[in-house]
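Text of the file protein10.csv, holding CSV, C-alpha atoms:
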chain,number,residue,atom,x,y,z
A,147,MET,CA,131.8,-2.7,45.9
A,148,LEU,CA,128.1,-3.2,46.7
A,149,SER,CA,126.9,-6.7,45.8
A,150,ARG,CA,124.0,-5.1,43.8
A,151,THR,CA,126.4,-3.1,41.6
A,152,ALA,CA,128.7,-6.1,41.1
A,153,ASP,CA,125.7,-8.2,40.1
A,154,HIS,CA,124.5,-5.7,37.5
A,155,LEU,CA,128.0,-5.5,35.9
A,156,PHE,CA,128.5,-9.3,36.0
A,157,TRP,CA,125.1,-9.9,34.3
A,158,MET,CA,125.5,-7.1,31.8
A,159,ALA,CA,128.6,-8.8,30.5
A,160,ARG,CA,127.1,-12.3,30.6
A,161,TYR,CA,124.0,-11.2,28.6
A,162,THR,CA,126.2,-9.3,26.0
A,163,GLU,CA,128.3,-12.4,25.6
A,164,ARG,CA,125.3,-14.7,25.4
A,165,ALA,CA,123.8,-12.6,22.6
A,166,GLU,CA,127.0,-12.9,20.7
A,167,ASN,CA,127.3,-16.6,21.2
A,168,THR,CA,123.7,-17.1,20.1
A,169,ALA,CA,124.4,-15.1,17.0
A,170,ARG,CA,127.5,-17.2,16.3
A,171,MET,CA,125.6,-20.5,16.7
A,172,LEU,CA,122.8,-19.4,14.4
A,173,ASP,CA,125.1,-17.9,11.8
A,174,VAL,CA,127.2,-21.1,11.5
A,175,HIS,CA,124.1,-23.2,11.1
A,176,VAL,CA,122.7,-20.9,8.4
A,177,GLN,CA,126.0,-21.3,6.6
A,178,THR,CA,126.2,-25.1,7.0
A,179,GLY,CA,122.6,-25.3,5.9
A,180,LEU,CA,123.8,-24.3,2.4
A,181,LEU,CA,125.6,-27.6,2.1
A,182,PRO,CA,123.9,-30.6,0.5
A,183,GLN,CA,121.8,-32.4,3.1
A,184,SER,CA,118.5,-34.1,3.6
A,185,ALA,CA,115.5,-32.5,5.2
A,186,ASP,CA,115.8,-34.8,8.3
A,187,HIS,CA,119.5,-33.8,8.7
A,188,ALA,CA,118.6,-30.1,8.5
A,189,GLU,CA,115.9,-30.5,11.1
A,190,GLN,CA,118.3,-32.3,13.4
A,191,GLY,CA,120.7,-29.5,13.1
A,192,TRP,CA,118.2,-26.9,14.1
A,193,ARG,CA,117.1,-29.0,17.0
A,194,ALA,CA,120.7,-29.2,18.1
A,195,ILE,CA,120.8,-25.4,18.2
A,196,LEU,CA,117.8,-25.4,20.5
A,197,GLY,CA,119.4,-28.2,22.6
A,198,ILE,CA,122.6,-26.1,23.1
A,199,SER,CA,120.5,-23.5,24.9
A,200,GLU,CA,118.2,-26.0,26.6
A,201,LEU,CA,115.2,-24.4,24.7
A,202,GLN,CA,113.7,-27.4,22.9
A,203,GLY,CA,110.8,-27.8,25.3
A,204,ALA,CA,109.9,-24.1,25.2
A,205,PHE,CA,110.1,-24.1,21.4
A,206,ASP,CA,107.9,-27.2,21.1
A,207,GLN,CA,105.3,-25.6,23.4
A,208,LYS,CA,105.0,-22.6,21.0
A,209,TYR,CA,105.3,-24.2,17.6
A,210,ASP,CA,103.6,-27.4,16.2
A,211,LYS,CA,106.5,-28.2,13.9
A,212,LEU,CA,110.1,-27.1,13.4
A,213,THR,CA,111.2,-24.8,10.5
A,214,GLN,CA,114.3,-22.7,10.1
A,215,LYS,CA,112.3,-19.5,10.0
A,216,ASP,CA,110.6,-20.3,13.3
A,217,VAL,CA,113.8,-21.3,15.1
A,218,ILE,CA,115.6,-18.1,14.0
A,219,ASP,CA,112.6,-16.0,15.0
A,220,PHE,CA,112.4,-17.8,18.4
A,221,MET,CA,116.2,-17.4,19.0
A,222,VAL,CA,116.4,-13.8,17.8
A,223,ARG,CA,113.4,-11.7,18.5
A,224,ASP,CA,111.0,-13.7,20.8
A,225,PRO,CA,110.5,-11.7,24.0
A,226,GLY,CA,109.2,-14.8,25.7
A,227,ASN,CA,112.5,-16.5,25.2
A,228,PRO,CA,114.9,-15.1,27.9
A,229,SER,CA,117.9,-16.4,25.8
A,230,SER,CA,116.9,-14.8,22.5
A,231,ILE,CA,119.3,-12.2,21.2
A,232,ALA,CA,116.7,-9.4,21.7
A,233,SER,CA,116.0,-10.5,25.3
A,234,CYS,CA,119.8,-10.7,26.1
A,235,LEU,CA,120.6,-7.3,24.6
A,236,LYS,CA,117.6,-5.8,26.5
A,237,GLN,CA,118.8,-7.3,29.8
A,238,ALA,CA,122.4,-6.1,29.1
A,239,ARG,CA,121.1,-2.6,28.6
A,240,GLU,CA,118.9,-2.6,31.7
A,241,ASN,CA,121.8,-3.9,33.8
A,242,ALA,CA,124.0,-1.2,32.4
A,243,ARG,CA,121.4,1.5,33.0
A,244,ALA,CA,121.1,0.4,36.7
A,245,VAL,CA,124.8,1.1,37.3
A,246,ARG,CA,125.6,4.0,34.9
A,247,GLY,CA,127.8,5.5,37.5
A,248,ALA,CA,130.1,2.5,37.5
A,249,LEU,CA,130.6,2.7,33.8
A,250,THR,CA,132.3,5.2,31.5
A,251,THR,CA,130.1,7.2,29.2
A,252,GLU,CA,131.3,5.3,26.3
A,253,ALA,CA,130.6,1.9,27.8
A,254,TRP,CA,127.0,2.9,28.6
A,255,GLU,CA,126.4,4.5,25.2
A,256,ILE,CA,127.5,1.3,23.5
A,257,GLN,CA,124.9,-0.8,25.4
A,258,ASN,CA,122.2,1.8,24.9
A,259,ALA,CA,122.8,2.3,21.2
A,260,THR,CA,123.0,-1.4,20.6
A,261,TRP,CA,119.6,-2.0,22.1
A,262,LEU,CA,118.0,0.9,20.1
A,263,LYS,CA,119.5,-0.3,16.8
A,264,THR,CA,118.3,-3.8,17.6
A,265,GLN,CA,114.8,-2.5,17.6
A,266,THR,CA,115.3,-1.0,14.2
A,267,TYR,CA,116.6,-4.2,12.8
A,268,LEU,CA,113.9,-6.4,14.2
A,269,ASN,CA,111.1,-4.0,13.1
A,270,SER,CA,112.3,-4.3,9.5
A,271,SER,CA,112.7,-7.2,7.1
A,272,ALA,CA,116.5,-7.1,7.4
A,273,LEU,CA,116.7,-10.4,9.4
A,274,GLU,CA,114.6,-12.3,6.9
A,275,GLN,CA,116.5,-10.9,3.9
A,276,ASN,CA,120.0,-11.4,5.2
A,277,PRO,CA,120.2,-13.1,8.6
A,278,SER,CA,124.0,-13.5,8.4
A,279,GLU,CA,124.4,-9.7,8.1
A,280,PHE,CA,122.4,-9.3,11.3
A,281,PHE,CA,124.4,-11.9,13.1
A,282,GLU,CA,127.7,-10.3,12.1
A,283,TRP,CA,126.3,-7.0,13.4
A,284,VAL,CA,125.5,-8.5,16.8
A,285,LYS,CA,129.0,-10.0,17.0
A,286,HIS,CA,130.5,-6.6,16.0
A,287,ARG,CA,128.6,-4.8,18.8
A,288,SER,CA,129.7,-7.3,21.4
A,289,HIS,CA,133.3,-6.8,20.2
A,290,LEU,CA,132.8,-3.1,20.4
A,291,SER,CA,131.4,-3.4,24.0
A,292,ARG,CA,134.5,-5.3,25.1
A,293,GLY,CA,136.9,-3.0,23.4
A,294,VAL,CA,135.4,0.1,24.9
A,295,THR,CA,135.4,-1.6,28.4
A,296,ILE,CA,139.1,-2.4,28.0
A,297,GLY,CA,140.0,0.9,26.5
A,298,THR,CA,138.1,3.3,28.7
A,299,MET,CA,137.4,1.8,32.2
A,300,MET,CA,139.7,1.9,35.2
A,301,ILE,CA,141.0,-1.6,36.0
A,302,ASP,CA,139.2,-1.9,39.3
A,303,GLU,CA,136.6,-4.2,40.8
A,304,ALA,CA,133.9,-3.0,38.3
A,305,PHE,CA,136.2,-4.0,35.4
A,306,HIS,CA,137.0,-7.4,36.9
A,307,PHE,CA,133.4,-8.3,37.5
A,308,ILE,CA,132.6,-7.4,33.9
A,309,ARG,CA,135.5,-9.6,32.7
A,310,LEU,CA,134.5,-12.4,35.1
A,311,GLY,CA,131.0,-12.5,33.6
A,312,THR,CA,132.3,-12.4,30.1
A,313,PHE,CA,134.6,-15.4,30.4
A,314,LEU,CA,132.3,-17.5,32.6
A,315,GLU,CA,129.5,-17.2,30.0
A,316,ARG,CA,131.9,-17.8,27.1
A,317,SER,CA,133.3,-21.0,28.6
A,318,ASP,CA,129.8,-22.4,29.1
A,319,ASN,CA,128.8,-21.6,25.5
A,320,THR,CA,132.0,-23.0,24.0
A,321,ALA,CA,131.5,-26.3,25.9
A,322,ARG,CA,127.9,-26.5,24.7
A,323,ILE,CA,128.9,-25.9,21.0
A,324,ILE,CA,131.7,-28.5,21.2
A,325,ASP,CA,129.4,-31.1,22.8
A,326,VAL,CA,126.5,-30.7,20.4
A,327,LYS,CA,128.5,-30.3,17.2
A,328,PHE,CA,130.7,-33.4,17.9
A,329,HIS,CA,127.7,-35.4,18.7
A,330,GLU,CA,126.1,-34.3,15.5
A,331,ALA,CA,129.2,-35.1,13.6
A,332,THR,CA,129.3,-38.6,15.1
A,333,GLN,CA,125.7,-39.3,14.0
A,334,ASN,CA,126.4,-38.0,10.5
A,335,GLN,CA,129.5,-40.1,10.1
A,336,GLN,CA,127.7,-43.2,11.2
A,337,LYS,CA,124.9,-42.6,8.7
A,338,GLN,CA,127.3,-42.0,5.9
A,339,THR,CA,129.3,-45.2,6.7
A,340,GLN,CA,126.1,-47.3,6.9
A,341,ARG,CA,125.1,-46.1,3.4
A,342,GLN,CA,128.6,-46.6,1.8
A,343,GLN,CA,129.6,-50.0,3.1
A,344,SER,CA,128.8,-52.9,5.4
A,345,MET,CA,130.6,-52.6,8.7
A,346,SER,CA,131.2,-54.9,11.5
A,347,GLN,CA,129.0,-54.6,14.6
A,348,SER,CA,131.8,-53.1,16.7
A,349,GLN,CA,132.5,-50.4,14.0
A,350,SER,CA,128.9,-49.5,13.6
A,351,GLN,CA,128.5,-48.8,17.3
A,352,GLY,CA,131.7,-46.8,17.6
A,353,SER,CA,132.2,-43.1,17.9
A,354,ILE,CA,133.6,-40.6,15.5
A,355,ASP,CA,137.1,-41.4,14.1
A,356,ILE,CA,138.7,-38.4,15.8
A,357,SER,CA,142.1,-39.0,14.0
A,358,SER,CA,140.6,-39.0,10.5
A,359,SER,CA,141.2,-36.1,8.1
A,360,THR,CA,138.5,-34.1,6.3
A,361,GLU,CA,139.2,-35.1,2.8
A,362,ASN,CA,135.5,-35.1,2.0
A,363,PRO,CA,134.7,-31.4,1.0
A,364,ILE,CA,131.4,-31.4,2.9
A,365,ASP,CA,133.3,-32.6,6.1
A,366,PHE,CA,135.9,-29.9,5.5
A,367,TYR,CA,133.2,-27.1,5.3
A,368,TYR,CA,131.4,-28.5,8.3
A,369,TRP,CA,134.4,-28.4,10.6
A,370,ALA,CA,135.6,-25.1,9.1
A,371,ALA,CA,132.2,-23.6,9.9
A,372,ILE,CA,132.4,-24.8,13.5
A,373,LEU,CA,135.8,-23.1,13.8
A,374,ARG,CA,134.5,-19.9,12.3
A,375,SER,CA,131.6,-20.0,14.8
A,376,VAL,CA,134.2,-19.3,17.5
A,377,SER,CA,136.6,-17.2,15.4
A,378,GLY,CA,139.0,-20.1,15.3
A,379,PHE,CA,139.5,-20.9,11.6
A,380,GLU,CA,142.5,-18.6,11.0
A,381,THR,CA,143.9,-19.6,14.4
A,382,TYR,CA,143.7,-23.3,13.4
A,383,ARG,CA,145.5,-22.7,10.2
A,384,LYS,CA,148.3,-20.8,12.1
A,385,VAL,CA,148.7,-23.5,14.7
A,386,TYR,CA,148.3,-26.7,12.7
A,387,ARG,CA,148.9,-25.5,9.1
A,388,ASP,CA,147.4,-28.5,7.3
A,389,ILE,CA,144.2,-30.6,7.2
A,390,ILE,CA,141.4,-30.2,9.7
A,391,THR,CA,140.8,-33.2,11.9
A,392,PRO,CA,138.1,-33.4,14.6
A,393,ALA,CA,140.8,-34.2,17.3
A,394,ARG,CA,142.7,-31.0,16.5
A,395,VAL,CA,139.5,-29.0,16.5
A,396,ALA,CA,138.7,-30.4,20.0
A,397,GLU,CA,142.2,-29.7,21.2
A,398,LEU,CA,142.1,-26.1,20.0
A,399,LEU,CA,138.7,-25.4,21.5
A,400,ILE,CA,139.4,-27.1,24.8
A,401,LEU,CA,143.1,-27.1,25.7
A,402,ARG,CA,144.8,-24.2,23.9
A,403,ALA,CA,145.5,-21.5,26.5
A,404,ASP,CA,146.3,-19.0,23.7
A,405,MET,CA,142.9,-19.5,22.0
A,406,PRO,CA,140.6,-16.7,23.3
A,407,ARG,CA,137.5,-18.8,23.2
A,408,SER,CA,138.9,-22.1,24.4
A,409,LEU,CA,137.8,-23.6,27.7
A,410,LEU,CA,141.4,-23.3,29.1
A,411,GLY,CA,141.7,-19.8,27.9
A,412,CYS,CA,138.4,-18.8,29.4
A,413,MET,CA,139.1,-20.5,32.7
A,414,GLY,CA,142.5,-18.8,32.9
A,415,GLN,CA,140.7,-15.4,32.7
A,416,VAL,CA,138.1,-16.5,35.2
A,417,VAL,CA,140.7,-17.5,37.8
A,418,GLU,CA,142.7,-14.3,37.2
A,419,ASN,CA,139.8,-11.9,37.6
A,420,LEU,CA,138.4,-13.9,40.5
A,421,GLU,CA,141.6,-13.4,42.4
A,422,LYS,CA,141.4,-9.7,41.9
A,423,VAL,CA,138.0,-9.4,43.6
A,424,GLY,CA,138.6,-12.0,46.3
A,425,ASN,CA,137.1,-11.3,49.7
A,426,ASP,CA,137.0,-12.9,53.2
A,427,VAL,CA,134.5,-15.6,52.1
A,428,SER,CA,135.6,-16.4,48.6
A,429,ALA,CA,138.7,-18.6,49.3
A,430,ASP,CA,136.8,-21.8,48.7
A,431,THR,CA,135.3,-20.5,45.4
A,432,GLU,CA,138.8,-19.5,44.2
A,433,ARG,CA,140.1,-23.0,45.0
A,434,PHE,CA,137.2,-24.5,43.1
A,435,ALA,CA,137.9,-22.4,40.1
A,436,GLY,CA,141.6,-23.1,40.4
A,437,ARG,CA,141.0,-26.9,40.4
A,438,LEU,CA,138.8,-26.6,37.3
A,439,HIS,CA,141.5,-24.6,35.5
A,440,ALA,CA,144.2,-27.1,36.6
A,441,ASP,CA,142.2,-30.0,35.3
A,442,LEU,CA,142.1,-28.4,31.9
A,443,ARG,CA,145.7,-27.3,32.0
A,444,PHE,CA,147.2,-30.7,32.6
A,445,HIS,CA,144.8,-32.8,30.5
A,446,GLN,CA,145.8,-34.2,27.1
A,447,ILE,CA,143.2,-34.3,24.3
A,448,GLN,CA,143.7,-38.0,23.6
A,449,ASP,CA,142.9,-38.8,27.2
A,450,ILE,CA,139.7,-36.8,27.0
A,451,LEU,CA,138.7,-38.5,23.7
A,452,ASP,CA,139.5,-42.0,25.0
A,453,ASP,CA,137.5,-41.4,28.2
A,454,GLY,CA,134.6,-39.8,26.2
A,455,LEU,CA,134.3,-36.2,25.1
A,456,HIS,CA,130.6,-36.0,26.0
A,457,ASP,CA,131.2,-37.2,29.5
A,458,PHE,CA,134.1,-34.8,30.0
A,459,LEU,CA,132.0,-31.8,28.7
A,460,THR,CA,129.0,-32.8,30.8
A,461,VAL,CA,131.1,-32.7,34.0
A,462,PHE,CA,132.7,-29.4,32.9
A,463,LEU,CA,129.3,-27.8,32.4
A,464,GLU,CA,128.1,-29.0,35.8
A,465,ARG,CA,131.2,-27.5,37.4
A,466,ILE,CA,130.8,-24.2,35.5
A,467,PHE,CA,127.2,-24.0,36.8
A,468,GLU,CA,128.4,-24.7,40.3
A,469,LEU,CA,131.1,-22.0,40.0
A,470,GLY,CA,128.5,-19.5,38.9
A,471,ASN,CA,126.4,-20.3,41.9
A,472,ARG,CA,129.4,-19.9,44.2
A,473,ILE,CA,130.3,-16.5,42.6
A,474,SER,CA,126.7,-15.4,43.1
A,475,ARG,CA,126.8,-16.5,46.8
A,476,ASP,CA,130.1,-14.9,47.6
A,477,PHE,CA,129.9,-11.6,45.6
A,478,LEU,CA,126.6,-11.0,44.0
A,479,VAL,CA,122.9,-11.1,44.7
A,480,PRO,CA,122.3,-14.8,45.3
A,481,LEU,CA,120.3,-16.6,42.6
A,482,ALA,CA,116.8,-17.6,43.5
A,483,ALA,CA,116.5,-21.3,44.6

Go through the file and emit its structure as structure tokens.
Amino acid sequence: MLSRTADHLFWMARYTERAENTARMLDVHVQTGLLPQSADHAEQGWRAILGISELQGAFDQKYDKLTQKDVIDFMVRDPGNPSSIASCLKQARENARAVRGALTTEAWEIQNATWLKTQTYLNSSALEQNPSEFFEWVKHRSHLSRGVTIGTMMIDEAFHFIRLGTFLERSDNTARIIDVKFHEATQNQQKQTQRQQSMSQSQSQGSIDISSSTENPIDFYYWAAILRSVSGFETYRKVYRDIITPARVAELLILRADMPRSLLGCMGQVVENLEKVGNDVSADTERFAGRLHADLRFHQIQDILDDGLHDFLTVFLERIFELGNRISRDFLVPLAA
């Protein structure tokens, strides 16, 4: 397959997945925003959303202060934000249009119709009236795109590059969600503890009690919302069956191979699809991906938490970035330096 064709298919899938993940992040924060919280806490949450996508600086350049409306507008419809839902769906459609011959008619029509319907949504007041409905629609269109790809396309190199782009993007976004949300939970717990009782110096400087349960209703809804942001709430109940604890949430989203959006699950798919498209120069990249997959496969969640969840995820994100660069070098149009 020509590298240009592979590049368009890979990035079509990545942009579609990125739009869905942005919709998931915004939706969960709109939902958790309904819980009792201070204005400062609410603002920190919206800044965390910008931080996940590394867009805080770009937002601050455009807006003098932070409001929920402006963050949603910036993350959904702003054409100057390359990671906004509108920008991602436009880029997904443009990449699909460039390689229509490599796609089935159904796969192309999903991308085209999604972009056209997006314009209708954004030119109306639907987003302001019911943002969650719009976010659900974006997620549904992404699901539809994946389903049509699996159901209509030949399982050849084109198919594998689409899947490779999907799972590489998904692993990156899942890691960012876990990192930011656990850091946010740590800060919230420390503030609550400081208000409720006097603690020793060692306790006040500690991290989140990852073994604690979520008996506080607000804590329960917070962690349940995070699970729902990655379609993991029902899966959690099926696997663990009882109370929600931060440690189990981390384990589900990092180390469960049978969880579709977990880091291990995503990396398993990356390795599998990478092997299918391997060429004469990709052996080193395949080994790099295999080592990353093996590190996840043989880790235990307690070891990760003891060593520091943030440090673990920071290294993981650096390795995912490196893997993306290696894939571009070996198969696609190389990224600009």

To one decimal place, how far is CA of Leu478 (chain A) from CA of Ser149 (chain A) in Å? 4.7 Å

Who sits within 8 Å of Val395 (chain A), only C-alpha atoms, same chain under 5 positions skipped, as a PyMOL selection string: chain A and resi 369+373+382+390

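In terms of minimum interatomic distance to Phe305 (chain A), A:Leu420 ranks closest within A:Ala393, A:Ile256, A:Leu420, A:Ala238, counting only C-alpha atoms.
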
Residues within 8 Å of Val174 (chain A), only C-alpha atoms, excluding chain neighbours under 2 positions, as a list in words: Arg170, Met171, Leu172, Val176, Gln177, Thr178, Ala371, Ile372, Arg374 and Ser375 of chain A

So which residues are close to (145.6, -16.6, 29.7), meaning at most 7 Å away in the file's coordinates with only C-alpha atoms counted, and can you show them as a PyMOL selection string? chain A and resi 403-404+411+414-415

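Shortest separation to Glu189 (chain A) among A:Leu409, A:Leu249, A:Leu469, A:Leu212 occurs at residue A:Leu212, atoms counted being all atoms listed in the file.
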
Spatial neighbours of region 434-438 of chain A, 7 Å, only C-alpha atoms, chain gap at least 3 places, as an mmCIF file with C-alpha atoms, keeping the file's coordinate frame:
data_model
loop_
_atom_site.group_PDB
_atom_site.id
_atom_site.type_symbol
_atom_site.label_atom_id
_atom_site.label_comp_id
_atom_site.auth_asym_id
_atom_site.auth_seq_id
_atom_site.Cartn_x
_atom_site.Cartn_y
_atom_site.Cartn_z
ATOM 1 C CA VAL A 417 140.700 -17.500 37.800
ATOM 2 C CA ASP A 430 136.800 -21.800 48.700
ATOM 3 C CA THR A 431 135.300 -20.500 45.400
ATOM 4 C CA ASP A 441 142.200 -30.000 35.300
ATOM 5 C CA LEU A 442 142.100 -28.400 31.900
ATOM 6 C CA LEU A 469 131.100 -22.000 40.000
#

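With distances taken over all atoms listed in the file, A:Ala159 is the one residue among A:Leu268, A:Ala159, A:Met299, A:Leu451 lying closest to Cys234 (chain A).
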